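Below is start.cif, which holds mmCIF, C-alpha atoms and all ligand atoms.
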```
data_my_file
#
loop_
_atom_site.label_atom_id
_atom_site.label_comp_id
_atom_site.auth_asym_id
_atom_site.auth_seq_id
_atom_site.Cartn_x
_atom_site.Cartn_y
_atom_site.Cartn_z
CA MET I 1037 22.28 -6.79 5.38
CA ARG I 1038 20.22 -9.60 6.86
CA ILE I 1039 16.51 -8.82 6.68
CA LEU I 1040 13.58 -10.70 8.23
CA ILE I 1041 10.18 -10.01 6.64
CA ILE I 1042 7.06 -10.97 8.56
CA GLY I 1043 4.74 -11.72 5.65
CA GLY I 1044 6.88 -11.22 2.56
CA GLY I 1045 4.85 -13.47 0.27
CA ARG I 1046 2.66 -10.98 -1.55
CA PHE I 1047 2.44 -7.39 -2.84
CA LEU I 1048 4.34 -5.02 -0.53
CA GLY I 1049 6.15 -7.72 1.44
CA ARG I 1050 7.09 -9.38 -1.82
CA ALA I 1051 8.43 -6.04 -3.14
CA PHE I 1052 10.62 -5.72 -0.02
CA ALA I 1053 11.94 -9.24 -0.57
CA ALA I 1054 12.63 -8.59 -4.27
CA GLU I 1055 14.41 -5.26 -3.71
CA ALA I 1056 16.44 -6.63 -0.81
CA LEU I 1057 17.55 -9.65 -2.86
CA ALA I 1058 18.40 -7.42 -5.83
CA ALA I 1059 20.61 -5.32 -3.53
CA GLY I 1060 22.45 -8.45 -2.41
CA HIS I 1061 20.93 -8.69 1.06
CA GLN I 1062 20.03 -11.97 2.78
CA VAL I 1063 16.28 -12.33 3.18
CA THR I 1064 14.25 -14.52 5.52
CA VAL I 1065 10.45 -14.52 5.21
CA PHE I 1066 8.11 -15.73 7.93
CA ASN I 1067 4.55 -16.65 6.95
CA ARG I 1068 2.01 -19.46 7.02
CA GLY I 1069 2.30 -20.42 3.37
CA ARG I 1070 -1.37 -19.66 2.67
CA GLN I 1071 -1.39 -16.60 0.43
CA SER I 1072 2.33 -16.40 -0.11
CA THR I 1073 4.39 -17.07 -3.22
CA GLU I 1074 8.04 -17.06 -2.29
CA LEU I 1075 10.78 -15.63 -4.45
CA ALA I 1076 13.77 -17.78 -5.33
CA GLY I 1077 16.62 -16.99 -2.99
CA VAL I 1078 14.68 -16.25 0.19
CA ARG I 1079 14.97 -18.39 3.27
CA VAL I 1080 11.47 -19.40 4.39
CA VAL I 1081 10.41 -19.98 7.99
CA ARG I 1082 6.85 -21.23 8.10
CA GLY I 1083 4.75 -20.12 11.04
CA ASP I 1084 1.85 -18.05 12.34
CA ARG I 1085 2.73 -14.75 14.02
CA GLU I 1086 -0.28 -15.27 16.30
CA LYS I 1087 1.25 -18.44 17.82
CA PRO I 1088 3.90 -17.83 20.52
CA GLU I 1089 5.59 -21.18 19.80
CA ASP I 1090 6.02 -20.23 16.13
CA LEU I 1091 7.47 -16.84 17.10
CA ALA I 1092 9.88 -18.58 19.50
CA ARG I 1093 10.98 -20.93 16.71
CA LEU I 1094 11.48 -17.94 14.42
CA ALA I 1095 13.61 -16.16 17.01
CA GLU I 1096 15.71 -19.30 17.50
CA SER I 1097 16.31 -19.46 13.76
CA ALA I 1098 18.00 -16.03 13.73
CA PRO I 1099 21.39 -16.03 11.98
CA GLU I 1100 24.47 -15.87 14.22
CA PRO I 1101 26.73 -13.16 12.84
CA ALA I 1102 30.44 -13.43 13.45
CA ASP I 1103 30.55 -10.03 15.22
CA GLY I 1104 28.14 -11.25 17.93
CA GLY I 1105 25.55 -8.56 17.12
CA PRO I 1106 21.83 -9.23 16.63
CA GLY I 1107 21.04 -11.82 13.96
CA TRP I 1108 19.01 -9.60 11.69
CA ASP I 1109 19.73 -6.02 10.73
CA ALA I 1110 15.99 -5.43 10.72
CA VAL I 1111 12.56 -6.93 10.95
CA VAL I 1112 10.23 -5.66 8.21
CA ASP I 1113 6.62 -6.15 9.29
CA THR I 1114 4.16 -5.71 6.42
CA CYS I 1115 1.22 -7.61 7.88
CA GLY I 1116 0.54 -6.10 11.31
CA TYR I 1117 -3.00 -5.05 12.05
CA GLN I 1118 -3.52 -5.67 15.80
CA PRO I 1119 -1.34 -3.97 18.44
CA LYS I 1120 -1.18 -6.93 20.82
CA ILE I 1121 -0.08 -9.32 18.09
CA VAL I 1122 2.46 -6.87 16.68
CA GLY I 1123 3.79 -6.27 20.21
CA GLU I 1124 4.31 -9.99 20.67
CA SER I 1125 6.37 -10.17 17.46
CA ALA I 1126 8.44 -7.18 18.58
CA ARG I 1127 8.97 -8.71 22.03
CA ALA I 1128 10.05 -12.07 20.57
CA LEU I 1129 12.54 -10.40 18.21
CA ARG I 1130 13.85 -7.51 20.29
CA ASP I 1131 17.23 -9.14 20.91
CA LYS I 1132 17.40 -10.69 17.46
CA ALA I 1133 17.25 -7.58 15.30
CA ARG I 1134 18.85 -4.16 15.31
CA ALA I 1135 15.76 -2.35 14.03
CA TYR I 1136 12.06 -2.90 13.38
CA LEU I 1137 10.37 -1.41 10.33
CA PHE I 1138 6.61 -1.40 10.62
CA ILE I 1139 4.34 -0.77 7.66
CA SER I 1140 1.59 1.48 8.93
CA SER I 1141 -0.84 3.72 7.11
CA LEU I 1142 -2.02 7.31 6.74
CA ASN I 1143 -5.16 5.94 8.37
CA ALA I 1144 -3.21 6.10 11.66
CA TYR I 1145 -3.67 9.92 11.50
CA PRO I 1146 -7.19 11.02 12.53
CA SER I 1147 -6.83 14.12 10.34
CA TRP I 1148 -6.42 12.06 7.16
CA ALA I 1149 -8.10 12.32 4.64
CA GLY I 1150 -10.10 15.42 5.54
CA GLU I 1151 -7.14 17.61 6.49
CA PRO I 1152 -3.46 17.77 5.53
CA VAL I 1153 -0.94 15.36 7.06
CA ARG I 1154 2.61 16.54 7.78
CA ASP I 1155 5.56 15.26 9.81
CA GLY I 1156 4.47 15.10 13.44
CA SER I 1157 0.71 15.24 12.79
CA PRO I 1158 -0.97 13.53 15.77
CA LYS I 1159 -1.86 9.85 15.59
CA TYR I 1160 -4.85 8.07 17.12
CA GLU I 1161 -4.62 7.39 20.85
CA CYS I 1162 -4.91 3.59 20.57
CA GLY I 1163 -2.79 1.69 23.14
CA PRO I 1164 -0.12 -0.95 22.44
CA ASP I 1165 -2.14 -3.85 23.90
CA GLU I 1166 -5.37 -3.18 22.03
CA THR I 1167 -7.04 -6.14 20.38
CA GLU I 1168 -10.14 -4.59 18.84
CA GLY I 1169 -11.08 -1.48 16.92
CA GLU I 1170 -10.90 0.09 13.52
CA TYR I 1171 -8.06 -0.18 11.04
CA GLY I 1172 -6.60 3.33 11.49
CA PRO I 1173 -6.51 3.51 15.31
CA LEU I 1174 -5.21 -0.07 15.45
CA LYS I 1175 -2.35 0.82 13.11
CA ALA I 1176 -1.41 3.68 15.49
CA GLY I 1177 -1.52 1.18 18.38
CA CYS I 1178 0.71 -1.21 16.42
CA GLU I 1179 3.29 1.56 15.99
CA ARG I 1180 3.32 2.10 19.78
CA ALA I 1181 3.61 -1.63 20.39
CA VAL I 1182 6.77 -1.76 18.27
CA LEU I 1183 8.21 1.36 19.95
CA GLU I 1184 7.88 -0.29 23.37
CA HIS I 1185 10.35 -2.99 22.35
CA PHE I 1186 12.50 -1.07 19.86
CA PRO I 1187 12.70 2.42 21.39
CA ASP I 1188 14.81 4.65 19.13
CA ARG I 1189 15.15 1.77 16.64
CA THR I 1190 11.72 1.83 15.02
CA ILE I 1191 10.94 2.92 11.47
CA CYS I 1192 7.23 3.51 10.85
CA ILE I 1193 6.25 3.92 7.23
CA ASP I 1194 2.81 5.56 7.26
CA ALA I 1195 1.95 4.69 3.69
CA GLY I 1196 -0.57 6.33 1.41
CA LEU I 1197 -2.14 4.60 -1.58
CA ILE I 1198 0.20 1.83 -2.70
CA LEU I 1199 0.21 0.68 -6.33
CA GLY I 1200 2.46 -1.46 -8.47
CA PRO I 1201 2.92 -4.99 -9.80
CA HIS I 1202 1.32 -7.74 -7.68
CA GLU I 1203 -1.20 -5.28 -6.19
CA THR I 1204 -3.88 -7.16 -4.29
CA SER I 1205 -6.14 -4.24 -3.37
CA GLY I 1206 -8.00 -3.75 -6.68
CA ARG I 1207 -7.19 -0.12 -7.43
CA LEU I 1208 -4.83 0.28 -10.38
CA THR I 1209 -5.60 -3.32 -11.29
CA TRP I 1210 -9.30 -2.44 -11.66
CA TRP I 1211 -8.56 0.68 -13.71
CA LEU I 1212 -6.28 -1.26 -16.02
CA LYS I 1213 -8.75 -4.12 -16.52
CA ARG I 1214 -11.61 -1.69 -17.09
CA ILE I 1215 -9.70 0.52 -19.52
CA ALA I 1216 -8.43 -2.55 -21.38
CA ARG I 1217 -12.08 -3.39 -22.20
CA GLY I 1218 -12.21 -0.10 -24.14
CA GLY I 1219 -15.13 2.13 -25.09
CA ASP I 1220 -16.29 5.13 -23.06
CA VAL I 1221 -14.87 4.95 -19.52
CA LEU I 1222 -16.41 6.92 -16.65
CA ALA I 1223 -13.48 8.89 -15.19
CA PRO I 1224 -13.82 10.61 -11.82
CA GLY I 1225 -13.55 14.23 -10.82
CA ASP I 1226 -10.87 16.53 -12.19
CA PRO I 1227 -8.25 15.19 -14.61
CA LYS I 1228 -5.90 17.98 -13.48
CA LEU I 1229 -6.04 16.98 -9.80
CA PRO I 1230 -2.52 16.21 -8.54
CA ILE I 1231 -2.40 12.78 -6.89
CA GLY I 1232 0.34 11.02 -4.95
CA PRO I 1233 0.07 7.26 -4.99
CA ILE I 1234 3.33 5.41 -4.36
CA ASP I 1235 4.82 2.34 -5.98
CA ALA I 1236 5.35 -0.60 -3.60
CA ARG I 1237 8.89 -0.93 -4.94
CA ASP I 1238 9.68 2.68 -3.98
CA ILE I 1239 8.43 2.04 -0.43
CA ALA I 1240 10.67 -1.02 -0.28
CA LEU I 1241 13.71 0.89 -1.55
CA PHE I 1242 13.01 3.70 0.91
CA GLY I 1243 12.56 1.29 3.82
CA LEU I 1244 15.79 -0.53 3.03
CA ARG I 1245 17.61 2.82 2.81
CA CYS I 1246 16.27 3.80 6.24
CA ILE I 1247 17.46 0.50 7.71
CA GLU I 1248 20.87 0.82 6.12
CA ASN I 1249 21.37 4.42 7.27
CA GLY I 1250 19.73 4.09 10.71
CA GLU I 1251 17.00 6.61 9.87
CA TYR I 1252 14.46 5.98 12.62
CA GLY I 1253 11.08 7.65 13.20
CA ALA I 1254 7.68 7.92 11.55
CA PHE I 1255 7.41 8.91 7.92
CA PRO I 1256 4.21 9.81 6.09
CA THR I 1257 5.12 8.09 2.82
CA VAL I 1258 3.44 9.09 -0.42
CA GLY I 1259 4.27 9.95 -4.01
CA PRO I 1260 5.21 13.56 -4.82
CA ALA I 1261 1.81 14.63 -6.28
CA THR I 1262 3.45 16.11 -9.33
CA GLU I 1263 1.26 14.02 -11.61
CA THR I 1264 -2.49 14.04 -11.98
CA PHE I 1265 -5.47 11.70 -12.08
CA GLY I 1266 -5.51 12.38 -15.82
CA ASP I 1267 -1.85 11.27 -16.11
CA LEU I 1268 -2.72 8.03 -14.32
CA LEU I 1269 -5.70 7.09 -16.47
CA GLU I 1270 -4.15 8.28 -19.73
CA ALA I 1271 -1.16 6.05 -18.95
CA CYS I 1272 -3.64 3.16 -18.56
CA VAL I 1273 -5.15 3.96 -21.99
CA ARG I 1274 -1.68 4.12 -23.54
CA GLU I 1275 -0.36 0.92 -21.98
CA THR I 1276 -3.44 -1.22 -22.66
CA GLY I 1277 -3.69 0.12 -26.23
CA SER I 1278 -7.47 -0.22 -25.97
CA GLY I 1279 -8.36 3.16 -27.47
CA ALA I 1280 -10.69 3.74 -24.48
CA ARG I 1281 -12.17 7.25 -24.28
CA LEU I 1282 -12.04 8.83 -20.81
CA ARG I 1283 -15.28 10.63 -19.97
CA TRP I 1284 -14.61 12.87 -16.98
CA ALA I 1285 -17.56 13.43 -14.65
CA GLY I 1286 -17.56 15.91 -11.77
CA ASP I 1287 -18.02 15.11 -8.09
CA GLU I 1288 -21.67 16.19 -8.01
CA PHE I 1289 -22.57 14.04 -10.99
CA LEU I 1290 -20.89 10.98 -9.47
CA ARG I 1291 -22.56 11.58 -6.12
CA ALA I 1292 -25.94 11.90 -7.79
CA HIS I 1293 -25.29 8.51 -9.42
CA GLU I 1294 -24.33 7.01 -6.05
CA ILE I 1295 -20.82 6.03 -7.13
CA PRO I 1296 -18.99 5.14 -3.89
CA GLU I 1297 -15.96 7.29 -3.17
CA TRP I 1298 -12.54 5.64 -3.05
CA THR I 1299 -13.77 2.12 -3.83
CA GLY I 1300 -16.36 2.66 -6.62
CA LEU I 1301 -14.02 4.48 -8.97
CA PRO I 1302 -10.78 3.62 -7.18
CA ALA I 1303 -8.77 6.49 -5.67
CA TRP I 1304 -11.48 9.10 -6.32
CA SER I 1305 -12.64 11.32 -3.42
CA ALA I 1306 -14.97 14.30 -3.81
CA ARG I 1307 -13.02 17.49 -3.15
CA ASP I 1308 -15.53 18.92 -0.68
CA GLY I 1309 -16.11 15.80 1.42
CA ALA I 1310 -14.41 13.57 4.00
CA GLY I 1311 -11.61 12.86 1.51
CA ALA I 1312 -11.01 16.48 0.48
CA ALA I 1313 -7.34 16.41 1.58
CA VAL I 1314 -6.62 12.84 0.58
CA TRP I 1315 -3.59 13.86 -1.51
CA ASP I 1316 -2.47 16.70 0.79
CA VAL I 1317 0.32 14.78 2.50
CA ARG I 1318 3.94 15.84 2.72
CA SER I 1319 6.96 14.66 4.64
CA GLU I 1320 10.23 16.54 4.58
CA LEU I 1321 11.67 13.83 6.83
CA ALA I 1322 10.94 11.11 4.28
CA LEU I 1323 12.58 13.13 1.51
CA GLU I 1324 15.60 13.86 3.71
CA ALA I 1325 15.85 10.17 4.57
CA GLY I 1326 16.00 9.31 0.87
CA LEU I 1327 12.47 8.66 -0.41
CA ARG I 1328 12.53 8.70 -4.23
CA CYS I 1329 9.55 7.89 -6.44
CA ARG I 1330 9.44 6.64 -10.00
CA PRO I 1331 7.06 8.24 -12.54
CA LEU I 1332 3.46 7.03 -12.44
CA ALA I 1333 3.76 5.90 -16.07
CA GLU I 1334 6.41 3.37 -15.04
CA THR I 1335 4.16 1.98 -12.30
CA VAL I 1336 1.30 1.67 -14.80
CA ARG I 1337 3.51 0.05 -17.44
CA ASP I 1338 4.99 -2.54 -15.08
CA THR I 1339 1.65 -3.29 -13.43
CA TRP I 1340 0.04 -3.89 -16.84
CA ALA I 1341 2.96 -6.12 -17.91
CA TRP I 1342 2.28 -8.27 -14.86
CA LEU I 1343 -1.51 -8.02 -14.88
CA ARG I 1344 -2.09 -9.08 -18.48
CA GLU I 1345 -0.89 -12.56 -17.52
CA VAL I 1346 -3.10 -12.76 -14.41
CA GLU I 1347 -6.48 -14.47 -14.60
CA GLY I 1348 -9.36 -14.68 -12.15
CA LEU I 1349 -8.93 -11.42 -10.21
CA GLU I 1350 -12.38 -10.06 -11.07
CA ASP I 1351 -15.69 -11.12 -9.59
CA GLY I 1352 -18.82 -11.72 -11.69
CA GLN I 1353 -19.34 -7.95 -11.98
CA GLY I 1354 -15.80 -7.16 -13.03
CA ARG I 1355 -14.90 -5.81 -9.59
CA ILE I 1356 -11.63 -6.64 -7.87
CA ASN I 1357 -11.50 -7.12 -4.11
CA GLY I 1358 -14.58 -4.92 -3.65
CA HIS I 1359 -13.22 -2.16 -5.93
CA GLY I 1360 -14.76 -0.86 -9.13
CA ILE I 1361 -18.31 -0.53 -10.41
CA ALA I 1362 -20.43 -3.01 -12.33
CA PRO I 1363 -20.71 -2.43 -16.11
CA GLU I 1364 -24.45 -1.64 -15.89
CA VAL I 1365 -23.86 1.04 -13.22
CA GLU I 1366 -21.20 2.66 -15.41
CA ALA I 1367 -23.39 2.40 -18.52
CA ALA I 1368 -26.31 4.09 -16.76
CA ALA I 1369 -24.08 6.98 -15.64
CA LEU I 1370 -22.49 7.33 -19.08
CA LYS I 1371 -25.95 7.50 -20.65
CA ASP I 1372 -26.65 10.59 -18.56
CA LEU I 1373 -23.22 12.06 -19.22
CA VAL I 1374 -22.79 11.57 -22.95
CA GLY I 1375 -25.38 12.67 -25.51
CA GLU I 1376 -26.49 10.75 -28.63
CA ASP I 1377 -24.01 12.80 -30.64
CA GLY I 1378 -21.13 11.56 -28.46
CA ASP I 1379 -20.57 14.94 -26.81
CA LEU I 1380 -20.79 15.49 -23.06
CA ARG I 1381 -24.24 16.78 -22.08
N1 LIG X 1401 -2.71 -1.12 -0.17
C1 LIG X 1401 -2.55 0.13 0.22
O1 LIG X 1401 -2.83 1.08 -0.53
C2 LIG X 1401 -2.02 0.41 1.61
C3 LIG X 1401 -1.99 1.72 2.06
C4 LIG X 1401 -1.41 1.99 3.30
C5 LIG X 1401 -0.88 0.96 4.05
N2 LIG X 1401 -0.96 -0.32 3.60
C6 LIG X 1401 -0.36 -1.40 4.40
O2 LIG X 1401 0.52 -2.13 3.57
C7 LIG X 1401 0.54 -3.49 3.99
C8 LIG X 1401 0.13 -4.39 2.84
O3 LIG X 1401 1.15 -5.24 2.63
P1 LIG X 1401 1.06 -6.65 1.88
O4 LIG X 1401 0.03 -6.57 0.84
O5 LIG X 1401 2.42 -7.03 1.51
O6 LIG X 1401 0.72 -7.53 3.11
P2 LIG X 1401 -0.56 -8.13 3.79
O7 LIG X 1401 -1.61 -8.36 2.82
O8 LIG X 1401 -0.89 -7.42 5.02
O9 LIG X 1401 0.11 -9.50 4.26
C9 LIG X 1401 0.24 -10.60 3.49
C10 LIG X 1401 1.46 -11.41 3.91
O10 LIG X 1401 1.48 -11.62 5.32
C11 LIG X 1401 1.43 -13.01 5.62
N3 LIG X 1401 0.63 -13.24 6.82
C12 LIG X 1401 -0.65 -12.86 7.03
N4 LIG X 1401 -1.06 -13.25 8.25
C13 LIG X 1401 0.00 -13.89 8.82
C14 LIG X 1401 0.19 -14.54 10.07
N5 LIG X 1401 -0.78 -14.61 11.00
N6 LIG X 1401 1.41 -15.07 10.34
C15 LIG X 1401 2.40 -15.02 9.41
N7 LIG X 1401 2.26 -14.43 8.21
C16 LIG X 1401 1.08 -13.88 7.91
C17 LIG X 1401 0.82 -13.61 4.37
O11 LIG X 1401 1.20 -14.93 4.18
P3 LIG X 1401 0.33 -16.23 4.58
O12 LIG X 1401 -1.11 -15.93 4.38
O13 LIG X 1401 0.89 -17.20 3.61
O14 LIG X 1401 0.67 -16.49 6.00
C18 LIG X 1401 1.42 -12.75 3.26
O15 LIG X 1401 2.74 -13.16 2.93
C19 LIG X 1401 -0.41 -3.61 5.15
O16 LIG X 1401 0.30 -3.48 6.36
C20 LIG X 1401 -1.33 -2.40 4.95
O17 LIG X 1401 -1.89 -1.97 6.17
C21 LIG X 1401 -1.52 -0.62 2.40
#
```

Go through the file and emit its structure as structure tokens.
Amino acid sequence: MRILIIGGGRFLGRAFAAEALAAGHQVTVFNRGRQSTELAGVRVVRGDREKPEDLARLAESAPEPADGGPGWDAVVDTCGYQPKIVGESARALRDKARAYLFISSLNAYPSWAGEPVRDGSPKYECGPDETEGEYGPLKAGCERAVLEHFPDRTICIDAGLILGPHETSGRLTWWLKRIARGGDVLAPGDPKLPIGPIDARDIALFGLRCIENGEYGAFPTVGPATETFGDLLEACVRETGSGARLRWAGDEFLRAHEIPEWTGLPAWSARDGAGAAVWDVRSELALEAGLRCRPLAETVRDTWAWLREVEGLEDGQGRINGHGIAPEVEAAALKDLVGEDGDLR
């Protein structure tokens, strides 16, 4: 296939490019060359999706297949955040691609993360021309903007927590860096809680499968939640070889110590709060369309193999991209959690 990725130079976009190349597809990436590192073998078109002249140049650069069909089998848009801008990309490329795959988010569902999300759960009402608002409603508006130009040919991947090598968000990367430092590690909530993060590479493989098989529609896209928070952090201990000791603290304890949910100890939400149903997401449609997820341990192993070579991710307090807690905050909480004798109080 011939795939155009808007973005394509980091994390999820990069995973799409890598998986598409590995499958023998032709890949074009379109980005500004600011935060992008291109893979060998991709064709690069430099430009800004916010500039109409750059979009026109991109459209003109579409391949001309011998069968006279559209130049690209699909556009993969991993960096759309504003409906109007996404709509302009879709308009510019509507005759140049057979399908448009848009990377959206569970945040597009107002029920997430307080209530379950299933196939067909309602999305925010945001319109396709919107230019301002919050992340979740805007993502819903972006989906509508694509649908206007690719009716019946849109694939919306409403992704949950994405992990994996080249992660830029600071979630698994923070846990790995913290656990690699060893010692007692403040671990959040219930180690037996099933969680369903998804590897960026599995999203890419799923998206490419949807394109190939013409599976259109919206797919809540998460891991299977057959593994637990304990599995995730124990895999971090194993891979880093640091001998860190996980010290599990309950929701009330963490609240009392003002640990921010989701960002403070990444991926933790108290089970009786706004994030009570954060992992309660299921999509039969995604499974039917071919979503398959690797074990969490593989994601942890490969992320650590990449991360151990990466310098300079952390700020002065050891946080990554606003995620994690400072060592003194953790130490103060651990002091209240663990007695002098090393046992939990
Ligand atoms: N992380 C999660 O857990 C999570 C969960 C749900 C959904 N998501 C979604 O997953 C996606 C994250 O994907 P990502 O990390 O691969 O992408 P990203 O951070 O959104 O985008 C980065 C790529 O887009 C390019 N780009 C940015 N602005 C551009 C512009 N104006 N014109 C052209 N190119 C531009 C960047 O290159 P240059 O800067 O070089 O131009 C870079 O290659 C997002 O759509 C996010 O909403 C993430």

ask   = At what distance in Å, to one decimal, does atom CA of Trp1298 of chain I lie from atom CA of Ser1278 of chain I?
value = 24.2 Å

task = Excluding Leu1174 of chain I and any residue of its chain fewer than 6 positions from it, enumerate the residues within 8 Å of it, using all atoms listed in the file, and give them as an NGL selection string.
result = :I and (1117-1119 or 1144 or 1162 or 1166 or 1168)

query = Pick the closest to ligand LIG 1401 (chain X) from I:Ile1121, I:Ala1368, I:Ala1195, I:Ala1092: which is it, counting all atoms listed in the file?
reply = I:Ala1195

ask   = Counting all atoms listed in the file, which protein, DNA or RNA residues come within 7 Å of ligand LIG 1401 (chain X), given as a VMD selection string?
value = chain I and resid 1042 to 1050 1066 to 1072 1083 to 1086 1114 to 1117 1139 to 1142 1194 to 1199 1204 to 1205

With C-alpha atoms retained, could you export that selection as a PDB file, in the frame of the given file?
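Final output, out_35.pdb:
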```pdb
ATOM      1  CA  ILE I1042       7.060 -10.970   8.560  1.00  0.00           C
ATOM      2  CA  GLY I1043       4.740 -11.720   5.650  1.00  0.00           C
ATOM      3  CA  GLY I1044       6.880 -11.220   2.560  1.00  0.00           C
ATOM      4  CA  GLY I1045       4.850 -13.470   0.270  1.00  0.00           C
ATOM      5  CA  ARG I1046       2.660 -10.980  -1.550  1.00  0.00           C
ATOM      6  CA  PHE I1047       2.440  -7.390  -2.840  1.00  0.00           C
ATOM      7  CA  LEU I1048       4.340  -5.020  -0.530  1.00  0.00           C
ATOM      8  CA  GLY I1049       6.150  -7.720   1.440  1.00  0.00           C
ATOM      9  CA  ARG I1050       7.090  -9.380  -1.820  1.00  0.00           C
ATOM     10  CA  PHE I1066       8.110 -15.730   7.930  1.00  0.00           C
ATOM     11  CA  ASN I1067       4.550 -16.650   6.950  1.00  0.00           C
ATOM     12  CA  ARG I1068       2.010 -19.460   7.020  1.00  0.00           C
ATOM     13  CA  GLY I1069       2.300 -20.420   3.370  1.00  0.00           C
ATOM     14  CA  ARG I1070      -1.370 -19.660   2.670  1.00  0.00           C
ATOM     15  CA  GLN I1071      -1.390 -16.600   0.430  1.00  0.00           C
ATOM     16  CA  SER I1072       2.330 -16.400  -0.110  1.00  0.00           C
ATOM     17  CA  GLY I1083       4.750 -20.120  11.040  1.00  0.00           C
ATOM     18  CA  ASP I1084       1.850 -18.050  12.340  1.00  0.00           C
ATOM     19  CA  ARG I1085       2.730 -14.750  14.020  1.00  0.00           C
ATOM     20  CA  GLU I1086      -0.280 -15.270  16.300  1.00  0.00           C
ATOM     21  CA  THR I1114       4.160  -5.710   6.420  1.00  0.00           C
ATOM     22  CA  CYS I1115       1.220  -7.610   7.880  1.00  0.00           C
ATOM     23  CA  GLY I1116       0.540  -6.100  11.310  1.00  0.00           C
ATOM     24  CA  TYR I1117      -3.000  -5.050  12.050  1.00  0.00           C
ATOM     25  CA  ILE I1139       4.340  -0.770   7.660  1.00  0.00           C
ATOM     26  CA  SER I1140       1.590   1.480   8.930  1.00  0.00           C
ATOM     27  CA  SER I1141      -0.840   3.720   7.110  1.00  0.00           C
ATOM     28  CA  LEU I1142      -2.020   7.310   6.740  1.00  0.00           C
ATOM     29  CA  ASP I1194       2.810   5.560   7.260  1.00  0.00           C
ATOM     30  CA  ALA I1195       1.950   4.690   3.690  1.00  0.00           C
ATOM     31  CA  GLY I1196      -0.570   6.330   1.410  1.00  0.00           C
ATOM     32  CA  LEU I1197      -2.140   4.600  -1.580  1.00  0.00           C
ATOM     33  CA  ILE I1198       0.200   1.830  -2.700  1.00  0.00           C
ATOM     34  CA  LEU I1199       0.210   0.680  -6.330  1.00  0.00           C
ATOM     35  CA  THR I1204      -3.880  -7.160  -4.290  1.00  0.00           C
ATOM     36  CA  SER I1205      -6.140  -4.240  -3.370  1.00  0.00           C
TER      37      SER I1205
END
```

ask   = Which one of I:Arg1318, I:Lys1087, I:Lys1132, I:Arg1237 sits closest to Pro1152 of chain I if you count only C-alpha atoms?
value =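 Among the listed residues, I:Arg1318 lies closest to Pro1152 of chain I.
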
request  = Record the distance separating atom CA of Val1314 of chain I and atom CA of Ile1231 of chain I, expressed in Å with one decimal.
outcome  =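 Going from atom CA of Val1314 of chain I over to atom CA of Ile1231 of chain I covers 8.6 Å.
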
query = Between atom CA of Phe1265 of chain I and atom CA of Arg1328 of chain I, what is the distance, to one decimal in Å?
reply =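 Between atom CA of Phe1265 of chain I and atom CA of Arg1328 of chain I the gap works out to 19.9 Å.
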
Box for segment 1150-1156 of chain I - axis-aligned, 3 Å on each of the six sides, all listed atoms - centre and size in Å to one decimal, as lines of an AutoDock Vina configuration file.
```
center_x = -2.3
center_y = 16.4
center_z = 9.5
size_x = 21.7
size_y = 8.7
size_z = 13.9
```

inquiry  = Give me, as a PyMOL selection string, all polymer residues having an atom no more than 7 Å from Arg1281 of chain I, counting only C-alpha atoms and skipping those fewer than 2 positions away in the same chain.
reply    = chain I and resi 1219-1221+1279+1283

Residue selection dump (C-alpha atoms) as a tab-separated table (two decimals), in the coordinates of the input:
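Result saved to again_4.tsv:
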```tsv
chain	number	residue	atom	x	y	z
I	1219	GLY	CA	-15.13	2.13	-25.09
I	1220	ASP	CA	-16.29	5.13	-23.06
I	1221	VAL	CA	-14.87	4.95	-19.52
I	1279	GLY	CA	-8.36	3.16	-27.47
I	1283	ARG	CA	-15.28	10.63	-19.97
```

Surrounding residues of Leu1222 of chain I excluding itself and chain neighbours under 5 positions, 8 Å, all atoms listed in the file, as JSON, numbers by chain = {"I": [1282, 1283, 1284, 1285, 1366, 1369, 1370]}

query = With distances taken over all atoms listed in the file, which of I:Gly1311, I:Gly1375, I:Gly1300, I:Pro1233 is nearest to Val1336 of chain I?
reply = I:Pro1233

task = Would you mind telling me which residue in I:Asp1113, I:Asp1103, I:Asp1090, I:Asp1379 lies nearest to Leu1040 of chain I when using only C-alpha atoms?
result =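 Counting only C-alpha atoms, the residue closest to Leu1040 of chain I is I:Asp1113.
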
key: Nearest to Leu1241 of chain I, chosen from I:Ile1041, I:Val1122, I:Ala1051, I:Val1182, with all atoms listed in the file counted in the distances   =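 Residue with the minimum atom-to-atom distance to Leu1241 of chain I: I:Ala1051.
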
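Counting only C-alpha atoms, the residue from I:Val1063, I:Arg1274, I:Leu1268, I:Tyr1160 that sits nearest to Trp1148 of chain I is I:Tyr1160.
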
request  = Fewer than 4 positions away in the same chain doesn't count, so skip those; otherwise give me all residues within 12 Å of Thr1264 of chain I, counting all atoms listed in the file, as a list in words.
outcome  = Pro1224, Gly1225, Asp1226, Pro1227, Lys1228, Leu1229, Pro1230, Ile1231, Gly1232, Pro1233, Gly1259, Pro1260, Leu1268, Leu1269, Glu1270, Ala1271, Ala1303, Trp1304, Trp1315, Pro1331, Leu1332 and Ala1333 of chain I

request  = Would you kindly return, as a ChimeraX atom specification, each protein, DNA or RNA residue with an atom no farther than 9 Å from any atom of Arg1189 of chain I, considering all atoms listed in the file and excluding same-chain residues fewer than 5 positions away?
outcome  = /I:1134-1137,1183,1250-1253
